[in-house]
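Since the structure comes first, as structure tokens, the remarks are kept for the end.
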Amino acid sequence: MTYLIYPAAFIFILGSAVVLHEFGHFIVAKLLGIRVETFSVGFGPRLFGRKWGHTDYRISAIPLGGYVKLGGDESNAPLEGASATDIPPEEMFNLRPRWQRILVAVAGPVMNILTALAIPFAVAMMYGVPATPAPVVSYMTPGGAAEVAGLKLGDRVISFNGSENPSWDVISGDALLSPGQPLPIIVERGGERISLTIKPTARSENGETAGFLDFIPDYGGIPAVIGDVATRSPAADAGLKPGDRVISVGTESVKSAAQVTEYIRDHDAQSIQLTVERDGQITQITTDTRRLPGSKLGISIGDQYPLLSASVGGAARFAFQSNIQILRLTGKALGQVFTGQRSVRNTLSGPIGIYQAAQKSVERLGWDGVFGMLGFLSLNLGIFNLLPIPVLDGGAIFLLLIEGALALIGLSLSVTVRDRIQQVGFVMVLLLMVFVITNDVLKQFGRSSEPERPATTTPAK
């Protein structure tokens, strides 16, 4: 039934992000007594739904977002349709004070941002905050980026790409966005500060290129446990099972799941000897030389991080820092697009890209991956909708603020000017939709025409 799990996860993630966004607009409008004519998931022709009171709750044909149609609001009439003619003046959105219209507009993005914060907060409260590894080199890939740069085992990274005392998340995140680019790194070795330059190794998978440092930080020897084994895979044929803790791979004692991933990738088309602990018993397992596409054995493996109990304040801090890290990396990736360091094609994704990301998240992390992807998508959807682009919420807020400023000097925007601005915004959003969908399709053709390449360094092997 795997072929049903991935589409279901995609629908849940994308649908939840859209519904939560529109619910923000909906609930604030309702609380203010503004009529809501339509609550639509999707655009275009109505497929099905039900009308309760004055509101038509519907599923529409084009699954690229959604909208809430407010009584008297004609700003997005080309997308949402015209308002009814019998709406009482006290229920019309366009007759409400400017501050109420701004509240309704900002409520959707705020709901998405709150969702992105709520997911890691809830996880931290229920299970605790995962301990993060110290930025100390504990393993290096022979001939990899770290060894070429001159790093040694035991080096502690104290500065990376301008970030002082960086966490491992900051280090690995910056490397992912900088494949093949020289990055300054300062390490502490024997009480001395040593300045080096490292070029993250560029590796591609599914049309995406990312950078990897080819070293593993000090995880403190936490267990590396197999989470899933694909049927009829080399791992399954060799006898590996979910729940196996990998003690060693080849002749190396395992200190992290990433080490196992690296070893498998570096020994493509070779038999792999693993020592695993299963139900308290030590078992030796040797795979054959067969591989799945991407040099994979057919296992997902992850680290069982120690979880530290968190107070409400600690959980809130963890949620905030997690989202700030996502925003930091997203902003850096977009900045690289504008400076020419990163291609637009390799940065923006549409529905197909979201589907593939959802599939990977489910494969590797199960429900944790589903909710993690929902938080990531919600955060990006919330921030994107705050951009001052007409048709988006940020564009509506920007126009309301411009109107407020003009009103102070006795001026106003004419209906014609507002319509032209909305038309420009509509064309911009339409072009963006066409671009990301075309980009997704081109990535698929590019991937199908390329030979298989080494997979990225991830816990999924």
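Residue numbering restarts at 1 in every chain; chains get A, B, ... in the order shown in the structure tokens, and ligands count up from 1 in that same order.
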
Give me, as a PyMOL selection string, all polymer residues having an atom no more than 12 Å from Leu401 (chain A), counting only C-alpha atoms and skipping those fewer than 4 positions away in the same chain.
chain A and resi 98-99+101-102+105+388+394-397+405-408+412-413

For the residues in that selection, give me N, CA and C atoms as a PDB file, in the first residue's frame.
ATOM      1  N   ARG A  98     -10.108  50.430   8.112  1.00  0.00           N
ATOM      2  CA  ARG A  98      -8.880  49.912   7.498  1.00  0.00           C
ATOM      3  C   ARG A  98      -8.159  48.929   8.416  1.00  0.00           C
ATOM      4  N   TRP A  99      -8.149  49.186   9.719  1.00  0.00           N
ATOM      5  CA  TRP A  99      -7.431  48.299  10.641  1.00  0.00           C
ATOM      6  C   TRP A  99      -8.059  46.920  10.687  1.00  0.00           C
ATOM      7  N   ARG A 101      -9.595  45.450   8.080  1.00  0.00           N
ATOM      8  CA  ARG A 101      -9.220  44.782   6.835  1.00  0.00           C
ATOM      9  C   ARG A 101      -7.770  44.286   6.897  1.00  0.00           C
ATOM     10  N   ILE A 102      -6.898  45.053   7.553  1.00  0.00           N
ATOM     11  CA  ILE A 102      -5.515  44.605   7.723  1.00  0.00           C
ATOM     12  C   ILE A 102      -5.457  43.369   8.618  1.00  0.00           C
ATOM     13  N   ALA A 105      -6.426  40.362   6.606  1.00  0.00           N
ATOM     14  CA  ALA A 105      -5.400  40.001   5.623  1.00  0.00           C
ATOM     15  C   ALA A 105      -4.200  39.327   6.274  1.00  0.00           C
ATOM     16  N   PRO A 388       4.987  42.016  -0.389  1.00  0.00           N
ATOM     17  CA  PRO A 388       4.087  43.054  -0.919  1.00  0.00           C
ATOM     18  C   PRO A 388       3.800  42.891  -2.409  1.00  0.00           C
ATOM     19  N   GLY A 394       0.214  40.059   1.570  1.00  0.00           N
ATOM     20  CA  GLY A 394       1.138  41.167   1.780  1.00  0.00           C
ATOM     21  C   GLY A 394       0.846  42.330   0.850  1.00  0.00           C
ATOM     22  N   GLY A 395       0.429  42.036  -0.386  1.00  0.00           N
ATOM     23  CA  GLY A 395       0.064  43.092  -1.316  1.00  0.00           C
ATOM     24  C   GLY A 395      -1.166  43.852  -0.849  1.00  0.00           C
ATOM     25  N   ALA A 396      -2.154  43.116  -0.330  1.00  0.00           N
ATOM     26  CA  ALA A 396      -3.362  43.773   0.184  1.00  0.00           C
ATOM     27  C   ALA A 396      -3.027  44.663   1.374  1.00  0.00           C
ATOM     28  N   ILE A 397      -2.183  44.181   2.274  1.00  0.00           N
ATOM     29  CA  ILE A 397      -1.778  44.981   3.439  1.00  0.00           C
ATOM     30  C   ILE A 397      -1.025  46.224   2.989  1.00  0.00           C
ATOM     31  N   ALA A 405      -1.797  56.227   4.228  1.00  0.00           N
ATOM     32  CA  ALA A 405      -0.849  57.333   4.125  1.00  0.00           C
ATOM     33  C   ALA A 405      -1.386  58.437   3.222  1.00  0.00           C
ATOM     34  N   LEU A 406      -2.004  58.052   2.095  1.00  0.00           N
ATOM     35  CA  LEU A 406      -2.574  59.040   1.183  1.00  0.00           C
ATOM     36  C   LEU A 406      -3.741  59.782   1.821  1.00  0.00           C
ATOM     37  N   ALA A 407      -4.509  59.055   2.638  1.00  0.00           N
ATOM     38  CA  ALA A 407      -5.658  59.695   3.282  1.00  0.00           C
ATOM     39  C   ALA A 407      -5.235  60.822   4.212  1.00  0.00           C
ATOM     40  N   LEU A 408      -4.023  60.703   4.766  1.00  0.00           N
ATOM     41  CA  LEU A 408      -3.535  61.753   5.669  1.00  0.00           C
ATOM     42  C   LEU A 408      -3.348  63.079   4.953  1.00  0.00           C
ATOM     43  N   SER A 412      -6.458  59.624  -2.442  1.00  0.00           N
ATOM     44  CA  SER A 412      -6.900  58.228  -2.410  1.00  0.00           C
ATOM     45  C   SER A 412      -6.538  57.553  -3.721  1.00  0.00           C
ATOM     46  N   LEU A 413      -6.475  56.231  -3.684  1.00  0.00           N
ATOM     47  CA  LEU A 413      -6.249  55.453  -4.902  1.00  0.00           C
ATOM     48  C   LEU A 413      -7.565  55.280  -5.638  1.00  0.00           C
TER      49      LEU A 413
END

Find the residues near Leu374 (chain A): any atom within 8 Å, counting only C-alpha atoms, skip ones fewer than 2 places away on the same chain, and give them as a compact mmCIF listing (two decimals) with N, CA, C and O atoms, in the first residue's frame.
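Result file is selection_33.txt:
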# COMPACT_ATOMS: atom_id res chain seq x y z
N ILE A 13 -0.32 17.21 3.82
CA ILE A 13 0.60 18.31 4.08
C ILE A 13 0.16 19.59 3.37
O ILE A 13 0.00 20.65 3.99
N LEU A 14 -0.05 19.49 2.05
CA LEU A 14 -0.42 20.67 1.28
C LEU A 14 -1.81 21.16 1.67
O LEU A 14 -2.03 22.37 1.86
N SER A 16 -3.43 20.72 4.52
CA SER A 16 -3.44 21.30 5.87
C SER A 16 -2.86 22.72 5.87
O SER A 16 -3.40 23.61 6.52
N ALA A 17 -1.75 22.91 5.13
CA ALA A 17 -1.14 24.24 5.08
C ALA A 17 -2.10 25.26 4.48
O ALA A 17 -2.23 26.39 4.98
N ALA A 116 3.79 26.58 12.23
CA ALA A 116 5.21 26.21 12.15
C ALA A 116 5.87 26.24 13.53
O ALA A 116 6.78 25.45 13.80
N VAL A 370 6.20 13.81 8.22
CA VAL A 370 4.98 14.46 7.73
C VAL A 370 4.77 15.79 8.43
O VAL A 370 4.55 16.83 7.80
N PHE A 371 4.82 15.77 9.77
CA PHE A 371 4.57 17.01 10.51
C PHE A 371 5.73 17.99 10.37
O PHE A 371 5.52 19.21 10.39
N GLY A 372 6.95 17.47 10.24
CA GLY A 372 8.08 18.36 10.00
C GLY A 372 7.93 19.08 8.67
O GLY A 372 8.19 20.28 8.57
N PHE A 376 7.50 23.13 7.90
CA PHE A 376 8.36 23.82 6.94
C PHE A 376 7.54 24.53 5.88
O PHE A 376 7.77 25.71 5.56
N LEU A 377 6.55 23.82 5.31
CA LEU A 377 5.72 24.41 4.26
C LEU A 377 4.88 25.55 4.81
O LEU A 377 4.72 26.59 4.15
N SER A 378 4.34 25.38 6.00
CA SER A 378 3.52 26.44 6.60
C SER A 378 4.33 27.71 6.83
O SER A 378 3.86 28.82 6.56

Find, counting only C-alpha atoms, the residue in A:Arg291, A:Ala131, A:Ile282, A:Val249 that gets nearest to Asp268 (chain A).
A:Arg291

Separation of CA of Lys332 (chain A) from CA of Glu22 (chain A) in Å
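Answer for the CA of Glu22 (chain A) to CA of Lys332 (chain A) separation: 28.2 Å.
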
Taking into account only C-alpha atoms, which residue in the set A:Asp279, A:Glu90, A:Asp237, A:Asp303 is nearest to Ala258 (chain A)?
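Under the stated criterion, the closest residue is A:Asp303.
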
Looking at A:Gly366, A:Gly162, A:Gly128, A:Pro120, which one is nearest to Asp228 (chain A), with distances taken over only C-alpha atoms?
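The shortest atom-to-atom distance to Asp228 (chain A) comes from A:Gly366.
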
For Met92 (chain A), work out the shell of residues within 6 Å, counting only C-alpha atoms and skipping chain neighbours fewer than 6 positions away, then give it as a PyMOL selection string.
chain A and resi 34+71-72

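Residue neighbourhood of Arg46 (chain A), excluding near-sequence residues (fewer than 2 positions): A:Ser40, A:Gly42, A:Phe43, A:Gly44, A:Phe48, A:Gly49, A:Arg58, A:Ile59, A:Ser60, A:Ala61, at 9 Å, using only C-alpha atoms.
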
Generate a file of the selected residues that holds N, CA and C atoms, formatted as an mmCIF file, in the first residue's frame.
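Below is the file result-v3.cif, written as the result:
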data_model
loop_
_atom_site.group_PDB
_atom_site.id
_atom_site.type_symbol
_atom_site.label_atom_id
_atom_site.label_comp_id
_atom_site.auth_asym_id
_atom_site.auth_seq_id
_atom_site.Cartn_x
_atom_site.Cartn_y
_atom_site.Cartn_z
ATOM 1 N N SER A 40 -12.685 28.194 -0.041
ATOM 2 C CA SER A 40 -12.318 27.252 -1.101
ATOM 3 C C SER A 40 -10.915 26.710 -0.908
ATOM 4 N N GLY A 42 -8.297 25.237 -3.197
ATOM 5 C CA GLY A 42 -8.093 25.184 -4.641
ATOM 6 C C GLY A 42 -8.732 26.382 -5.321
ATOM 7 N N PHE A 43 -8.363 26.574 -6.594
ATOM 8 C CA PHE A 43 -8.915 27.659 -7.397
ATOM 9 C C PHE A 43 -9.739 27.075 -8.539
ATOM 10 N N GLY A 44 -10.404 27.970 -9.268
ATOM 11 C CA GLY A 44 -11.110 27.540 -10.471
ATOM 12 C C GLY A 44 -12.484 26.978 -10.192
ATOM 13 N N PHE A 48 -16.916 20.116 -5.658
ATOM 14 C CA PHE A 48 -17.982 19.713 -4.742
ATOM 15 C C PHE A 48 -17.832 20.495 -3.450
ATOM 16 N N GLY A 49 -18.831 20.422 -2.611
ATOM 17 C CA GLY A 49 -18.792 21.127 -1.334
ATOM 18 C C GLY A 49 -20.166 21.200 -0.718
ATOM 19 N N ARG A 58 -16.010 24.652 -0.222
ATOM 20 C CA ARG A 58 -15.865 23.900 -1.471
ATOM 21 C C ARG A 58 -14.441 23.409 -1.706
ATOM 22 N N ILE A 59 -14.370 22.398 -2.571
ATOM 23 C CA ILE A 59 -13.112 21.944 -3.146
ATOM 24 C C ILE A 59 -13.142 22.344 -4.609
ATOM 25 N N SER A 60 -12.102 23.068 -5.052
ATOM 26 C CA SER A 60 -12.071 23.547 -6.432
ATOM 27 C C SER A 60 -11.032 22.793 -7.246
ATOM 28 N N ALA A 61 -11.069 23.003 -8.565
ATOM 29 C CA ALA A 61 -10.383 22.112 -9.500
ATOM 30 C C ALA A 61 -8.857 22.250 -9.509
#

I need the helix (DSSP H, G or I) residues of region 239-384 of chain A per DSSP on the backbone, written as number ranges by chain.
A: 257-266, 312-338, 351-365, 367-384

Please report the interatomic distance between CA of Thr283 (chain A) and CA of Ile216 (chain A) in Å with one decimal.
25.4 Å
